[in-house]
2 protein chains.
Amino acid sequence: MEISGILLTLFIILITAKIGGEIAESLGQPAVLGELVAGVVVGASVLGLVRENDFINLLAQIGAIVLLFEAGVTTEYESFMRVKFWALLVACVGVFFPFVLGYFVSHLYGLSVIESIFIGAALTATSVGITVRVFQDLGKLKSKEAQIVIGAAVVDDVIGLIILAVVIGIISSGSVSLLNILRVTGMAVAFLGGAIVIGKIAAPAILNFVHQMRVRGVLFVFSFAFCLIMAFVSHAIGLAPIVGAFAAGLILSRTDHQEHVVNQTKPIADIFVPIFFIMMGALVNVSLFNPFNPANHPILIFASSLFAVAIIGKVISGFVVFDKINKLLVGVGMLPRGEVGLIFAAYGLSHKIINQELYVAILIMVLLTTFVTPPLLKYIQNCKIN
Amino acid sequence: MEISGILLTLFIILITAKIGGEIAESLGQPAVLGELVAGVVVGASVLGLVRENDFINLLAQIGAIVLLFEAGVTTEYESFMRVKFWALLVACVGVFFPFVLGYFVSHLYGLSVIESIFIGAALTATSVGITVRVFQDLGKLKSKEAQIVIGAAVVDDVIGLIILAVVIGIISSGSVSLLNILRVTGMAVAFLGGAIVIGKIAAPAILNFVHQMRVRGVLFVFSFAFCLIMAFVSHAIGLAPIVGAFAAGLILSRTDHQEHVVNQTKPIADIFVPIFFIMMGALVNVSLFNPFNPANHPILIFASSLFAVAIIGKVISGFVVFDKINKLLVGVGMLPRGEVGLIFAAYGLSHKIINQELYVAILIMVLLTTFVTPPLLKYIQNCKIN
C-alpha cells in the first residue's frame with residue numbers, strides 16, 4: 001500500500017473511532033463499543049472505507065500489544081497479587097466449562113471429534129483487551145472485580161494458547177502426547193514466572209542506568225522497546241505477543257518510573273489502540289447476519305448455540321469466587337472473546353481444521369460476546385446486582 | 001513480514017538509536033548524528049540486523065511526517081516575527097547560493113539537469129533541530145544571532161519543501177518548463193499560505209469543539225489525525241506529505257492547545273522519528289566510503305565538493321545582515337543540513353531520481369555539515385570572531 005492510502009486510512013480510523021467512542025459515551029456506553037460499531041460501519045461489508053491490508057493489520061496487532069502493555073503498567077501489582085487465587089480459579093473454571101459445553105454442542109451438531117475439540121478450544125480465551133477497555137471506560141479498573149477478571153483473562157489467554165498448541169499437536173500427530181502438553185504448559189508458566197521474577201530484580205537497575213542517559217526520551221523509548229522484546233520472546237516460545245507485553249507492563253509498574261511510563265504510553269495508546277478495535281469491527285461481514293436469507297439459518301442456529309454456551313460457561317466462573325464481590329460482574333467480565341478467539345478462527349480456517357461456515361460461526365460467537373459485554377457490564381455495574 | 005520480525009526489528013531500531021544518540025551527545029555532537037551512524041551500523045551493509053521491508057519503510061515515512069509535524073507545532077512564531085527581516089534575507093541568500101553552487105558542481109561532475117537540480121535542492125535546507133540544540137547547549141538560544149538563525153532555518157525549511165515540490169513536479173512531468181515551475185511553486189505557496197490562513201480561522205473553532213468531547217485522548221487524536229489528513233492532501237496535490245505535516249503543526253502552534261499537542265506528540269516522535277533516522281543510515285552502503293577502493297574516488301571527490309559548496313553557500317548568508325551581530329556565527333549556524341536534506345535524499349533514491357552513489361554523496365554532505373557545526377560554533381563563540 002502506498003503512503004497516501006495509509007495516511008487516509010489512518011485518518012478515517014482515528015476520526016471514526018473517536019466519533020464512535022463519543023457517541024457511545026453520550027449514550028452511557030463504554031467508548032470501546034462505539035469504536036467496534038464504527039469499525040463495522042467503515043468496514044468492507046458496509047461503507048468499505050477501511051479495508052484489510054498488511055500494514056494496517058500489523059499496526060492493529062501492535063495496537064493490541066500497546067493496549068496490554070498499558071494495562072500491565074497501570075496494574076496495581078499488589079492488588080493483583082491479593083486476588084491471584086481467585087483469578088486462577090476463575091480462569092480454570094472459565095476455561096473448563098466453555099470447552100466442555102462447546103465440545104458437546106459441536107458434537108450434537110454432527111461435527112467430528114477434532115472439529116469439536118477445536119471449537120471447544122476457541123470458546124476458552126477471554127479477550128483481555130476488551131475487558132480492560134470496558135473497565136477503564138467505567139472507571140473501575142482498580143476494583144477487585146476488575147483485578148480478578150483481568151488476572152483470570154491473562155491466565156486463560158495462556159491456557160487458551162496452550163490448548164491451541166496442544167490441539168495443533170493432536171491434529172498434526174493424530175495422538176495426544178502427555179509430554180507435549182507438559183512441554184508447552186511448562187514453557188508458558190516458566191516464561192511468565194521467570195519474566196516477572198527476573199524483571200523484578202533487573203528492571204529497576206536497568207532503568208536507573210538508562211535514567212542517567214541524557215538523550216531525549218531515552219527512558220520511555222527503552223521501556224517501550226522492553227515491551228516489544230517481551231512480546232517478541234512471548235511469540236517466539238509459542239505464546240501470544242500480548243502475553244509478553246502485559247508481563248513487560250507488569251514489571252515496569254513496580255519500578256520508580258511507573259508514572260513516567262504511564263504518561264508517555266498514553267498518547268501512543270491513543271493512536272494505536274483504536275486501530276485494533278476498528279479493524280476488529282471491520283472484519284464483520286454484516287450480510288452473514290441476515291436472518292431472512294434461509295442459507296444463513298443452519299450456521300446462525302449453530303452460532304447462537306455457541307453464543308449461549310460461551311455465555312453460560314463463563315458466567316458460571318464468576319460464582320466460584322467465595323468472596324464479597326459482584327460475582328455476576330466477574331462472570332460477565334469474562335465474556336468477550338476477542339483477539340485470541342479470532343486468532344483461533346483464522347488459524348483453524350487456514351489450516352483446514354474447520355471450514356468457512358464453522359469459521360463464520362466462531363466469528364459470530366466472538367463478535368456477539370464482544371458486543372454484549374460493554375452494555376451488560378455497564379448495566380450490572382449500575383444496578384449493583386450481586 | 002510477520003509480527004515477530006516486526007517486533008524484533010523495532011526493538012533493535014529503538015535501542016540502537018538511543019545508544020547511538022547517547023554516544024554522540026557524550027562526544028559533544030547532536031544525537032541525530034549518532035542515530036544515523038547507528039543506522040549505518042545495524043544496516044544491511046554492516047551488521048545486517050535491520051533490513052528494508054515495506055512495513056518498516058512505511059513507519060519510517062510516518063516518522064518523517066511526525067518529525068515535521070513536531071517541528072511545525074514547536075515553531076516559535078513570535079520570536080521569528082521580531083527578526084523576520086534579517087531571517088528572511090539570510091534564508092533566501094542561504095537557499096540561493098547552495099542551490100546554484102550545488103547545481104554547477106553537479107553539472108561539472110557530469111550529472112543530468114534533473115539530477116543537478118535535485119542535488120542543488122538537497123543542499124538548501126538548514127536543520128532547525130540541530131541548530132536549536134547547539135545554541136541551547138551554548139546557552140545562547142535567546143541571542144539575536146540565534147533568533148536570526150532559527151528564523152531563517154524555519155523559512156529555508158519551507159523554501160526547501162517548496163523546491164522539493166517543484167523538483168517532483170518537474171520530474172513527474174518530464175520537462176523543465178518555466179510554466180511548470182510557476183505552477184508547482186504557486187500550488188505549494190497556495191497550499192501552505194491557504195492552509196495557514198484557513199487554519200488560523202478554522203483550527204481554533206474545531207479544536208474548541210473537539211475539546212468539549214469527553215472521550216479519552218480526543219483532542220490529541222484529532223490533532224494527529226489533522227496532521228495525517230494534511231499530509232495526505234499535500235501528497236494528493238503533488239507535494240511531499242511532510243509539507244502538509246509541517247503546515248498542520250504550524251497551524252496548531254498558534255492555537256490555545258499548542259502546549260498539550262506538543263506534550264502528547266513528544267512520545268509519538270520519540271518512537272517514530274528514530275525509525276526514520278535509523279532507516280536513513282541503514283540505506284548507506286559503507287563499501288562506498290572505502291577510500292582505498294579507486295572505484296569510490298569519483299563519488300568521494302564529488303561528496304567533498306558538495307560539502308565545500310554547502311559550507312560556502314551558507315556562510316555567505318550570514319554576511320548579508322548589516323547589523324551589529326556576529327555574522328560568522330549566523331553563517332555557521334546555518335550549516336547543518338539535517339532531516340530535510342535526508343528526506344530529499346531518501347525521496348530521490350526511492351523514486352529513482354538519484355542512484356545509490358549520489359544518495360551516499362548527499363548523506364556524506366549532510367553528515368559532515370552536521371558534524372562540523374557544533375565544534376565550529378563553540379570555537380567562534382569563544383574566540384568572539386566578528
# chains A, B, ... in the order shown; residues from 1 in each chain; ligands from 1

$ calpha_fit_rmsd --fixed "chain B" --moving "chain A"
2.9 Å

$ residues_around --residues "Glu22 of chain B" --least-positions-apart "4" --cutoff "9 Å" --atoms "only C-alpha atoms" --output "MDAnalysis selection string"
(chainID A and resid 213:216 218) or (chainID B and resid 17:18 26:27 31 34:35)

$ residues_around --residues "segment 311-323 of chain B" --least-positions-apart "3" --cutoff "7 Å" --atoms "only C-alpha atoms" --output "tab-separated table (two decimals) with N, CA and C atoms, in the first residue's frame"
chain	number	residue	atom	x	y	z
B	86	TRP	N	15.73	40.18	8.78
B	86	TRP	CA	17.06	39.57	8.62
B	86	TRP	C	16.95	38.06	8.39
B	90	VAL	N	18.54	36.21	5.25
B	90	VAL	CA	19.51	35.13	5.45
B	90	VAL	C	19.00	33.84	4.80
B	93	VAL	N	19.19	34.12	0.84
B	93	VAL	CA	20.58	34.04	0.38
B	93	VAL	C	21.14	32.63	0.65
B	94	GLY	N	20.77	32.10	1.81
B	94	GLY	CA	21.25	30.78	2.21
B	94	GLY	C	20.60	29.65	1.43
B	97	PHE	N	22.55	30.53	-2.79
B	97	PHE	CA	23.93	30.13	-3.09
B	97	PHE	C	24.16	28.62	-3.05
B	98	PRO	N	23.72	27.92	-2.01
B	98	PRO	CA	23.94	26.47	-2.04
B	98	PRO	C	23.26	25.80	-3.24
B	307	PHE	N	30.27	19.16	-0.03
B	307	PHE	CA	30.50	19.63	1.34
B	307	PHE	C	31.06	21.06	1.30
B	308	ALA	N	32.02	21.29	0.39
B	308	ALA	CA	32.64	22.62	0.27
B	308	ALA	C	31.61	23.67	-0.10
B	327	LYS	N	28.46	37.94	12.49
B	327	LYS	CA	27.97	37.46	11.19
B	327	LYS	C	28.41	36.03	10.91
B	328	LEU	N	29.65	35.73	11.32
B	328	LEU	CA	30.17	34.38	11.08
B	328	LEU	C	29.36	33.36	11.89
B	330	VAL	N	26.23	33.53	12.61
B	330	VAL	CA	24.98	33.29	11.89
B	330	VAL	C	25.23	32.35	10.72
B	331	GLY	N	26.27	32.64	9.92
B	331	GLY	CA	26.55	31.80	8.75
B	331	GLY	C	26.83	30.36	9.13
B	332	VAL	N	27.65	30.18	10.16
B	332	VAL	CA	27.99	28.82	10.60
B	332	VAL	C	26.77	28.15	11.23
B	334	MET	N	23.93	28.32	10.22
B	334	MET	CA	23.07	27.84	9.12
B	334	MET	C	23.60	26.56	8.47
B	335	LEU	N	24.80	26.11	8.87
B	335	LEU	CA	25.44	24.99	8.18
B	335	LEU	C	24.69	23.65	8.21

$ interface_residues --of "chain B" --to "chain A" --cutoff "7 Å" --atoms "only C-alpha atoms" --output "ChimeraX atom specification"
/B:3-4,7-8,11,14-15,18,21-22,31,55,58,213-215,217-218,221-222,225,228-229,232,235,264,267-268,270-271

$ closest_residue --among "A:Glu145, A:Ile130, A:Leu67, A:Cys92" --to "Lys324 of chain A" --atoms "only C-alpha atoms"
A:Glu145

$ atom_distance --atom1 "atom CA of Leu329 of chain B" --atom2 "atom CA of Phe302 of chain B"
26.9 Å

$ closest_residue --among "B:Tyr347, B:Val197, B:Leu108, B:Glu115" --to "Ala64 of chain B" --atoms "only C-alpha atoms"
B:Tyr347

$ closest_residue --among "B:Asn382, B:Leu363, B:Ala248, B:Leu89" --to "Val340 of chain B" --atoms "only C-alpha atoms"
B:Leu363

$ select_by_dssp --residues "segment 244-307 of chain B" --states "alpha helix (DSSP H)" --output "PyMOL selection string"
chain B and resi 244-253+258-282+297-307

$ residues_around --residues "Asp156 of chain A" --least-positions-apart "4" --cutoff "7 Å" --atoms "only C-alpha atoms" --output "list of chain:residue names"
A:Ala91, A:Val95, A:Ala125, A:Thr126, A:Ala152, A:Gly160

$ write_last_selection --atoms "C-alpha atoms" --output "PDB file, in the first residue's frame"
ATOM      1  CA  ALA A  91      -9.644 -18.775  34.843  1.00  0.00           C
ATOM      2  CA  VAL A  95     -11.805 -22.481  30.536  1.00  0.00           C
ATOM      3  CA  ALA A 125      -9.975 -17.451  25.984  1.00  0.00           C
ATOM      4  CA  THR A 126     -11.332 -14.159  27.319  1.00  0.00           C
ATOM      5  CA  ALA A 152      -8.139 -14.502  35.044  1.00  0.00           C
ATOM      6  CA  GLY A 160      -6.198 -20.962  25.680  1.00  0.00           C
TER       7      GLY A 160
END

$ residues_around --residues "Gly238 of chain B" --least-positions-apart "6" --cutoff "8 Å" --atoms "only C-alpha atoms" --output "PyMOL selection string"
chain B and resi 165+168-169

$ residues_around --residues "Val372 of chain B" --least-positions-apart "3" --cutoff "10 Å" --atoms "only C-alpha atoms" --output "list in words"
Gln29, Ile311, Val332, Leu335, Pro336, Leu367, Leu368, Thr369, Pro375, Leu376 and Leu377 of chain B

$ write_last_selection --atoms "C-alpha atoms" --output "compact mmCIF listing (two decimals), in the first residue's frame"
# COMPACT_ATOMS: atom_id res chain seq x y z
CA GLN B 29 27.71 16.03 18.93
CA ILE B 311 29.68 25.46 3.63
CA VAL B 332 27.99 28.82 10.60
CA LEU B 335 25.44 24.99 8.18
CA PRO B 336 23.81 21.78 9.40
CA LEU B 367 26.67 14.14 8.00
CA LEU B 368 29.74 16.35 7.62
CA THR B 369 27.85 19.67 7.86
CA PRO B 375 32.64 22.45 17.40
CA LEU B 376 32.81 25.40 14.93
CA LEU B 377 30.04 27.31 16.72

$ closest_residue --among "A:Ile275, A:Ile353, A:Ala190, A:Leu358" --to "Asn296 of chain A" --atoms "only C-alpha atoms"
A:Leu358

$ atom_distance --atom1 "atom CA of Ile148 of chain A" --atom2 "atom CA of Ala87 of chain A"
4.8 Å
